[in-house]
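Novice: Below you will find the structure I want to go over with you.
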Amino acid sequence: MIKEIVTDRLILRPWRETDAASLYKYAQDPAIGPVAGWPPHTSAEDSLNVIRTVFSAPEIYAVVLKKSNEPVGCVGIMFGNDMHNAEAQADEAEIGYWIGKPHWGQGLIPEAVRRLLRRCFGELGITAVWCGYYDGNTKSLRVMEKCGFRFHHTEEGNTSPLGNIRTEHFMKLTKEDWQTSQIQIQPVTTDKKKYLQLLLLGDEQESMIDRYLERGDMFVMLDAAETPVSVAVVTDEGNGVLELKNLAVAPHFQRKGYGKKMIAFLRHRYKNRFHTLLVGTGDSEKNKSFYRSCGFDHSHIITDFFRTNYDHPIIEDGKLLKDMIYFKQTI
């Protein structure tokens, strides 16, 4: 366990014995524990015992409000035998959580869970995270859905810690799905050459990139670790035409839909300023198929473009490129 984790509104830190009164304040509420399968706390001494035992496990955190420094809930990561789901593998984990009733509906637990997901996938090497909820616990389900979990399976006849028989539903989030959900696209207004190696995947001559880089709008797609996934540069060609001058996806992110995601982003961003999105590409079947799959139609050809403008032969898929093939679509 690390000393503390800070989010916008919360501090996630280990429980302290001095938290017993605050824990009892919220955990005594019968609306909190029973729906999750545990009994309401009966006294501050009872809460202190929980802090010394259950809450002393690694990766169990008090959910502390920054504005008041008060613990108002709990969130934790469980591994191995501590997990409720028998289908979980050794490199997977489970997240559990609750928060005091006065703080329901403020998005605090989703904020905490999202940060623990980043800890699981980005810091602890976990490949998948599980969450479980008993039938009828719709508030817990909504947290899972907000955080990207997907339904996996239902188990009938499970015995809860309270000793009664319940139906339990399990949700799962894989590292791959989490990484996809964390993708962000943001503009690049300074130091555009920082992403030159990616730009060169879309246009392999730097002097050609220099023709449009500074006059164009540039965007970079980043994953959860802020690793560059894709770049794009678009330019205003006048008369309502926006041209996609450069589109590139890093090799280990290719064939996962990120190029299409970038184009969809550009269409949405510029739909009220331009009526046509134009893109030129070499006479490569792979490139032409890609743009057709993104909704582009053939526009026109500029003959000998590559022979005229590049200082070396441009080869794609074993073919020497000669003409620039233009595609367009309405946005």
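Residues in the structure tokens are named by chain (A, B, ... in the order shown) and by number from 1 within that chain; ligands are numbered from 1 in the order shown.
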With DSSP run on the backbone, what are the strand (DSSP E) residues within segment 45-293 of chain A? I'd like them as JSON, numbers by chain.
Specialist: {"A": [60, 61, 62, 63, 64, 65, 71, 72, 73, 74, 75, 76, 77, 78, 92, 93, 94, 95, 96, 97, 98, 99, 128, 129, 130, 131, 132, 133, 134, 150, 151, 152, 153, 154, 155, 156, 157, 158, 159, 165, 166, 167, 168, 169, 170, 171, 172, 173, 174, 184, 185, 186, 187, 188, 217, 218, 219, 220, 221, 222, 228, 229, 230, 231, 232, 233, 234, 235, 236, 241, 242, 243, 244, 245, 246, 247, 248, 249, 276, 277, 278, 279, 280, 281, 282]}
Novice: Near segment 240-254 of chain A, within 9 Å and counting only C-alpha atoms, which residues show up once chain neighbours fewer than 6 positions away are dropped, as a list in words?
Specialist: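 Here the qualifying residues turn out to be Leu198, Leu199, Leu200, Leu201, Gly202, Asp203, Ile209, Tyr212, Leu213, Gly216, Pro228, Val229, Ser230, Val231, Ala232, Val233, Val234, Met262, Ile263, Tyr270, Arg273, Phe274, His275, Thr276, Leu277, Leu278, Val279, Gly280 and Lys328 of chain A.
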Novice: Using only N, CA and C atoms, please write the residues we just selected to a file, as a PDB file, in the first residue's frame.
Specialist:
ATOM      1  N   LEU A 198       6.209  10.041 -35.144  1.00  0.00           N
ATOM      2  CA  LEU A 198       4.864   9.593 -35.539  1.00  0.00           C
ATOM      3  C   LEU A 198       4.447  10.248 -36.848  1.00  0.00           C
ATOM      4  N   LEU A 199       4.706  11.542 -37.002  1.00  0.00           N
ATOM      5  CA  LEU A 199       4.344  12.246 -38.230  1.00  0.00           C
ATOM      6  C   LEU A 199       5.014  11.624 -39.445  1.00  0.00           C
ATOM      7  N   LEU A 200       6.232  11.159 -39.262  1.00  0.00           N
ATOM      8  CA  LEU A 200       6.965  10.549 -40.370  1.00  0.00           C
ATOM      9  C   LEU A 200       6.377   9.211 -40.796  1.00  0.00           C
ATOM     10  N   LEU A 201       5.555   8.605 -39.943  1.00  0.00           N
ATOM     11  CA  LEU A 201       4.854   7.392 -40.360  1.00  0.00           C
ATOM     12  C   LEU A 201       3.758   7.716 -41.366  1.00  0.00           C
ATOM     13  N   GLY A 202       3.205   8.942 -41.252  1.00  0.00           N
ATOM     14  CA  GLY A 202       2.151   9.355 -42.170  1.00  0.00           C
ATOM     15  C   GLY A 202       2.674  10.084 -43.386  1.00  0.00           C
ATOM     16  N   ASP A 203       3.860  10.641 -43.287  1.00  0.00           N
ATOM     17  CA  ASP A 203       4.467  11.393 -44.395  1.00  0.00           C
ATOM     18  C   ASP A 203       5.966  11.334 -44.176  1.00  0.00           C
ATOM     19  N   ILE A 209       6.396  17.624 -44.477  1.00  0.00           N
ATOM     20  CA  ILE A 209       5.650  17.914 -43.247  1.00  0.00           C
ATOM     21  C   ILE A 209       5.741  19.390 -42.902  1.00  0.00           C
ATOM     22  N   TYR A 212       3.073  22.050 -44.098  1.00  0.00           N
ATOM     23  CA  TYR A 212       1.721  22.222 -43.555  1.00  0.00           C
ATOM     24  C   TYR A 212       1.656  22.194 -42.026  1.00  0.00           C
ATOM     25  N   LEU A 213       2.741  21.811 -41.372  1.00  0.00           N
ATOM     26  CA  LEU A 213       2.652  21.568 -39.929  1.00  0.00           C
ATOM     27  C   LEU A 213       2.249  22.815 -39.144  1.00  0.00           C
ATOM     28  N   GLY A 216      -1.298  24.208 -39.986  1.00  0.00           N
ATOM     29  CA  GLY A 216      -2.396  23.294 -39.727  1.00  0.00           C
ATOM     30  C   GLY A 216      -2.714  23.162 -38.244  1.00  0.00           C
ATOM     31  N   PRO A 228       1.857   8.424 -26.785  1.00  0.00           N
ATOM     32  CA  PRO A 228       1.223   8.836 -28.040  1.00  0.00           C
ATOM     33  C   PRO A 228       0.740   7.623 -28.843  1.00  0.00           C
ATOM     34  N   VAL A 229      -0.531   7.638 -29.175  1.00  0.00           N
ATOM     35  CA  VAL A 229      -1.145   6.555 -29.948  1.00  0.00           C
ATOM     36  C   VAL A 229      -1.255   6.940 -31.407  1.00  0.00           C
ATOM     37  N   SER A 230      -1.692   8.168 -31.660  1.00  0.00           N
ATOM     38  CA  SER A 230      -1.946   8.619 -33.025  1.00  0.00           C
ATOM     39  C   SER A 230      -1.770  10.126 -33.105  1.00  0.00           C
ATOM     40  N   VAL A 231      -1.448  10.626 -34.312  1.00  0.00           N
ATOM     41  CA  VAL A 231      -1.412  12.064 -34.564  1.00  0.00           C
ATOM     42  C   VAL A 231      -2.173  12.353 -35.845  1.00  0.00           C
ATOM     43  N   ALA A 232      -2.650  13.587 -35.951  1.00  0.00           N
ATOM     44  CA  ALA A 232      -3.318  14.038 -37.171  1.00  0.00           C
ATOM     45  C   ALA A 232      -3.070  15.526 -37.332  1.00  0.00           C
ATOM     46  N   VAL A 233      -2.964  15.958 -38.592  1.00  0.00           N
ATOM     47  CA  VAL A 233      -2.836  17.374 -38.919  1.00  0.00           C
ATOM     48  C   VAL A 233      -3.856  17.694 -39.995  1.00  0.00           C
ATOM     49  N   VAL A 234      -4.643  18.737 -39.775  1.00  0.00           N
ATOM     50  CA  VAL A 234      -5.627  19.177 -40.767  1.00  0.00           C
ATOM     51  C   VAL A 234      -5.386  20.632 -41.108  1.00  0.00           C
ATOM     52  N   MET A 262      -9.755   8.704 -34.617  1.00  0.00           N
ATOM     53  CA  MET A 262      -9.236  10.050 -34.847  1.00  0.00           C
ATOM     54  C   MET A 262     -10.033  10.761 -35.932  1.00  0.00           C
ATOM     55  N   ILE A 263     -10.351  10.068 -37.009  1.00  0.00           N
ATOM     56  CA  ILE A 263     -11.136  10.686 -38.078  1.00  0.00           C
ATOM     57  C   ILE A 263     -12.526  11.066 -37.579  1.00  0.00           C
ATOM     58  N   TYR A 270     -15.084  19.591 -36.444  1.00  0.00           N
ATOM     59  CA  TYR A 270     -15.121  20.610 -37.495  1.00  0.00           C
ATOM     60  C   TYR A 270     -16.429  20.644 -38.287  1.00  0.00           C
ATOM     61  N   ARG A 273     -17.899  24.067 -39.105  1.00  0.00           N
ATOM     62  CA  ARG A 273     -17.034  25.049 -39.775  1.00  0.00           C
ATOM     63  C   ARG A 273     -16.725  24.689 -41.216  1.00  0.00           C
ATOM     64  N   PHE A 274     -16.807  23.385 -41.543  1.00  0.00           N
ATOM     65  CA  PHE A 274     -16.469  22.916 -42.883  1.00  0.00           C
ATOM     66  C   PHE A 274     -17.553  21.964 -43.378  1.00  0.00           C
ATOM     67  N   HIS A 275     -17.653  21.848 -44.695  1.00  0.00           N
ATOM     68  CA  HIS A 275     -18.632  20.913 -45.249  1.00  0.00           C
ATOM     69  C   HIS A 275     -17.993  19.672 -45.864  1.00  0.00           C
ATOM     70  N   THR A 276     -16.674  19.728 -46.124  1.00  0.00           N
ATOM     71  CA  THR A 276     -16.009  18.611 -46.781  1.00  0.00           C
ATOM     72  C   THR A 276     -14.685  18.304 -46.096  1.00  0.00           C
ATOM     73  N   LEU A 277     -14.431  17.017 -45.864  1.00  0.00           N
ATOM     74  CA  LEU A 277     -13.133  16.554 -45.379  1.00  0.00           C
ATOM     75  C   LEU A 277     -12.436  15.851 -46.531  1.00  0.00           C
ATOM     76  N   LEU A 278     -11.252  16.309 -46.870  1.00  0.00           N
ATOM     77  CA  LEU A 278     -10.483  15.805 -48.007  1.00  0.00           C
ATOM     78  C   LEU A 278      -9.216  15.139 -47.491  1.00  0.00           C
ATOM     79  N   VAL A 279      -8.788  14.076 -48.141  1.00  0.00           N
ATOM     80  CA  VAL A 279      -7.533  13.419 -47.765  1.00  0.00           C
ATOM     81  C   VAL A 279      -6.883  12.831 -49.002  1.00  0.00           C
ATOM     82  N   GLY A 280      -5.565  12.986 -49.079  1.00  0.00           N
ATOM     83  CA  GLY A 280      -4.808  12.410 -50.180  1.00  0.00           C
ATOM     84  C   GLY A 280      -3.934  11.275 -49.693  1.00  0.00           C
ATOM     85  N   LYS A 328     -12.821  12.123 -50.478  1.00  0.00           N
ATOM     86  CA  LYS A 328     -13.552  13.159 -49.764  1.00  0.00           C
ATOM     87  C   LYS A 328     -14.798  12.592 -49.114  1.00  0.00           C
TER      88      LYS A 328
END
Novice: Set out as JSON lines a contact list for segment 46-140 of chain A and segment 181-192 of chain A with a cut-off of 12 Å, giving each residue of segment 46-140 of chain A that qualifies its closest atom pair and distance in Å to one decimal, counting only C-alpha atoms, ordered by chain and rising residue number.
Specialist:
{"residue": "A:Arg114", "atom": "CA", "partner": "A:Gln182", "partner_atom": "CA", "distance": 10.3}
{"residue": "A:Arg115", "atom": "CA", "partner": "A:Gln182", "partner_atom": "CA", "distance": 11.8}
{"residue": "A:Leu117", "atom": "CA", "partner": "A:Gln182", "partner_atom": "CA", "distance": 10.9}
{"residue": "A:Arg118", "atom": "CA", "partner": "A:Gln182", "partner_atom": "CA", "distance": 9.7}
{"residue": "A:Phe121", "atom": "CA", "partner": "A:Gln182", "partner_atom": "CA", "distance": 11.5}
{"residue": "A:Gly122", "atom": "CA", "partner": "A:Gln182", "partner_atom": "CA", "distance": 11.6}
Novice: Restricting it to C-alpha atoms, dump the selection as a JSON list (two decimals), in the first residue's frame.
Specialist:
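Final output, selection33.json:
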[["chain", "number", "residue", "atom", "x", "y", "z"],
["A", 114, "ARG", "CA", -11.35, 5.12, -11.26],
["A", 115, "ARG", "CA", -8.16, 6.02, -9.41],
["A", 117, "LEU", "CA", -8.30, 1.12, -11.57],
["A", 118, "ARG", "CA", -5.35, 3.24, -12.65],
["A", 121, "PHE", "CA", -3.59, -1.52, -14.42],
["A", 122, "GLY", "CA", -0.85, 1.10, -14.45]]
Novice: Using the chain letters and numbers from this document, which residues of segment 21-164 of chain A does DSSP assign to helix (DSSP H, G or I), as a PyMOL selection string?
Specialist: chain A and resi 21-27+34-36+44-52+54-56+80-82+101-103+108-122+138-146
Novice: Could you check how far atom CA of Glu45 of chain A sits from atom CA of Pro71 of chain A, in Å to one decimal?
Specialist: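 Atom CA of Pro71 of chain A lies 16.5 Å from atom CA of Glu45 of chain A.
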Novice: Rank A:Ala57, A:Cys74, A:Ile314, A:Ile302 by their smallest atom-to-atom distance to Gln205 of chain A, using only C-alpha atoms, and report the top residue only.
Specialist: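 Checking each of A:Ala57, A:Cys74, A:Ile314, A:Ile302 against Gln205 of chain A, counting only C-alpha atoms, the winner is A:Ile314.
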Novice: As an exercise, work out the distance from atom CA of Thr227 of chain A to atom CA of Lys260 of chain A in Å and give it to one decimal place.
Specialist: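 Atom CA of Lys260 of chain A lies at a distance of 18.2 Å from atom CA of Thr227 of chain A.
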Novice: Considering only C-alpha atoms, can you say which of A:Ser207, A:Ser56, A:Thr330, A:Thr180 comes closest to Ala224 of chain A?
Specialist: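 Looking at the shortest contact to Ala224 of chain A, the residue is A:Thr180.
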Novice: Measuring between only C-alpha atoms, which one of A:Glu145, A:Asp29, A:Asp223, A:Asp311 shows the shortest distance to Glu204 of chain A?
Specialist: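 Result for the nearest residue to Glu204 of chain A: A:Asp311.
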Novice: Find the residues around Glu59 of chain A up to 10 Å (only C-alpha atoms counted), leave out those fewer than 4 positions away in its own chain, and share them as a PyMOL selection string.
Specialist: chain A and resi 1-2+12-14+55+75-79+95+116+119
Novice: Interatomic distance between atom CA of Gly96 of chain A and atom CA of Cys131 of chain A?
Specialist: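 Separating atom CA of Gly96 of chain A from atom CA of Cys131 of chain A is a distance of 6.7 Å.
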Novice: Mind checking which residues fall within 7 Å of Asp323 of chain A, counting only C-alpha atoms, ignoring those fewer than 5 positions away in the same chain, and posting them as an mmCIF file with N, CA and C atoms, in the first residue's frame?
Specialist:
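Done, and the output landed in part24.cif:
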data_model
loop_
_atom_site.group_PDB
_atom_site.id
_atom_site.type_symbol
_atom_site.label_atom_id
_atom_site.label_comp_id
_atom_site.auth_asym_id
_atom_site.auth_seq_id
_atom_site.Cartn_x
_atom_site.Cartn_y
_atom_site.Cartn_z
ATOM 1 N N GLY A 282 -1.359 7.668 -51.151
ATOM 2 C CA GLY A 282 -0.731 6.973 -52.269
ATOM 3 C C GLY A 282 -1.649 5.904 -52.832
ATOM 4 N N ASP A 283 -1.314 5.465 -54.038
ATOM 5 C CA ASP A 283 -2.125 4.460 -54.735
ATOM 6 C C ASP A 283 -1.836 3.074 -54.164
ATOM 7 N N ILE A 301 -7.399 12.841 -58.763
ATOM 8 C CA ILE A 301 -6.017 12.356 -58.754
ATOM 9 C C ILE A 301 -5.086 13.494 -59.152
ATOM 10 N N ILE A 302 -3.963 13.600 -58.451
ATOM 11 C CA ILE A 302 -2.873 14.488 -58.876
ATOM 12 C C ILE A 302 -1.751 13.593 -59.392
ATOM 13 N N THR A 303 -1.531 13.633 -60.684
ATOM 14 C CA THR A 303 -0.555 12.728 -61.296
ATOM 15 C C THR A 303 0.869 13.140 -60.942
ATOM 16 N N ASP A 304 1.703 12.142 -60.803
ATOM 17 C CA ASP A 304 3.138 12.312 -60.540
ATOM 18 C C ASP A 304 3.439 13.096 -59.265
ATOM 19 N N PHE A 305 2.513 13.117 -58.327
ATOM 20 C CA PHE A 305 2.718 13.897 -57.105
ATOM 21 C C PHE A 305 3.955 13.425 -56.342
ATOM 22 N N PHE A 306 4.106 12.151 -56.179
ATOM 23 C CA PHE A 306 5.218 11.635 -55.376
ATOM 24 C C PHE A 306 6.547 11.787 -56.098
#
Novice: List the neighbours of Pro102 of chain A out to 9 Å using only C-alpha atoms; skip same-chain residues closer than 2 positions along the sequence, and give me the result as number ranges by chain.
Specialist: A: 26, 72, 99-100, 104-105
Novice: Could you dump the residues just selected with C-alpha atoms as a PDB file, in the first residue's frame?
Specialist:
ATOM      1  CA  TYR A  26     -21.361   6.035   8.730  1.00  0.00           C
ATOM      2  CA  VAL A  72     -16.626   8.989   4.816  1.00  0.00           C
ATOM      3  CA  ILE A  99     -19.642   5.456   1.186  1.00  0.00           C
ATOM      4  CA  GLY A 100     -21.781   7.057   3.888  1.00  0.00           C
ATOM      5  CA  TRP A 104     -24.440   9.457  -2.036  1.00  0.00           C
ATOM      6  CA  GLY A 105     -25.067  10.857  -5.494  1.00  0.00           C
TER       7      GLY A 105
END
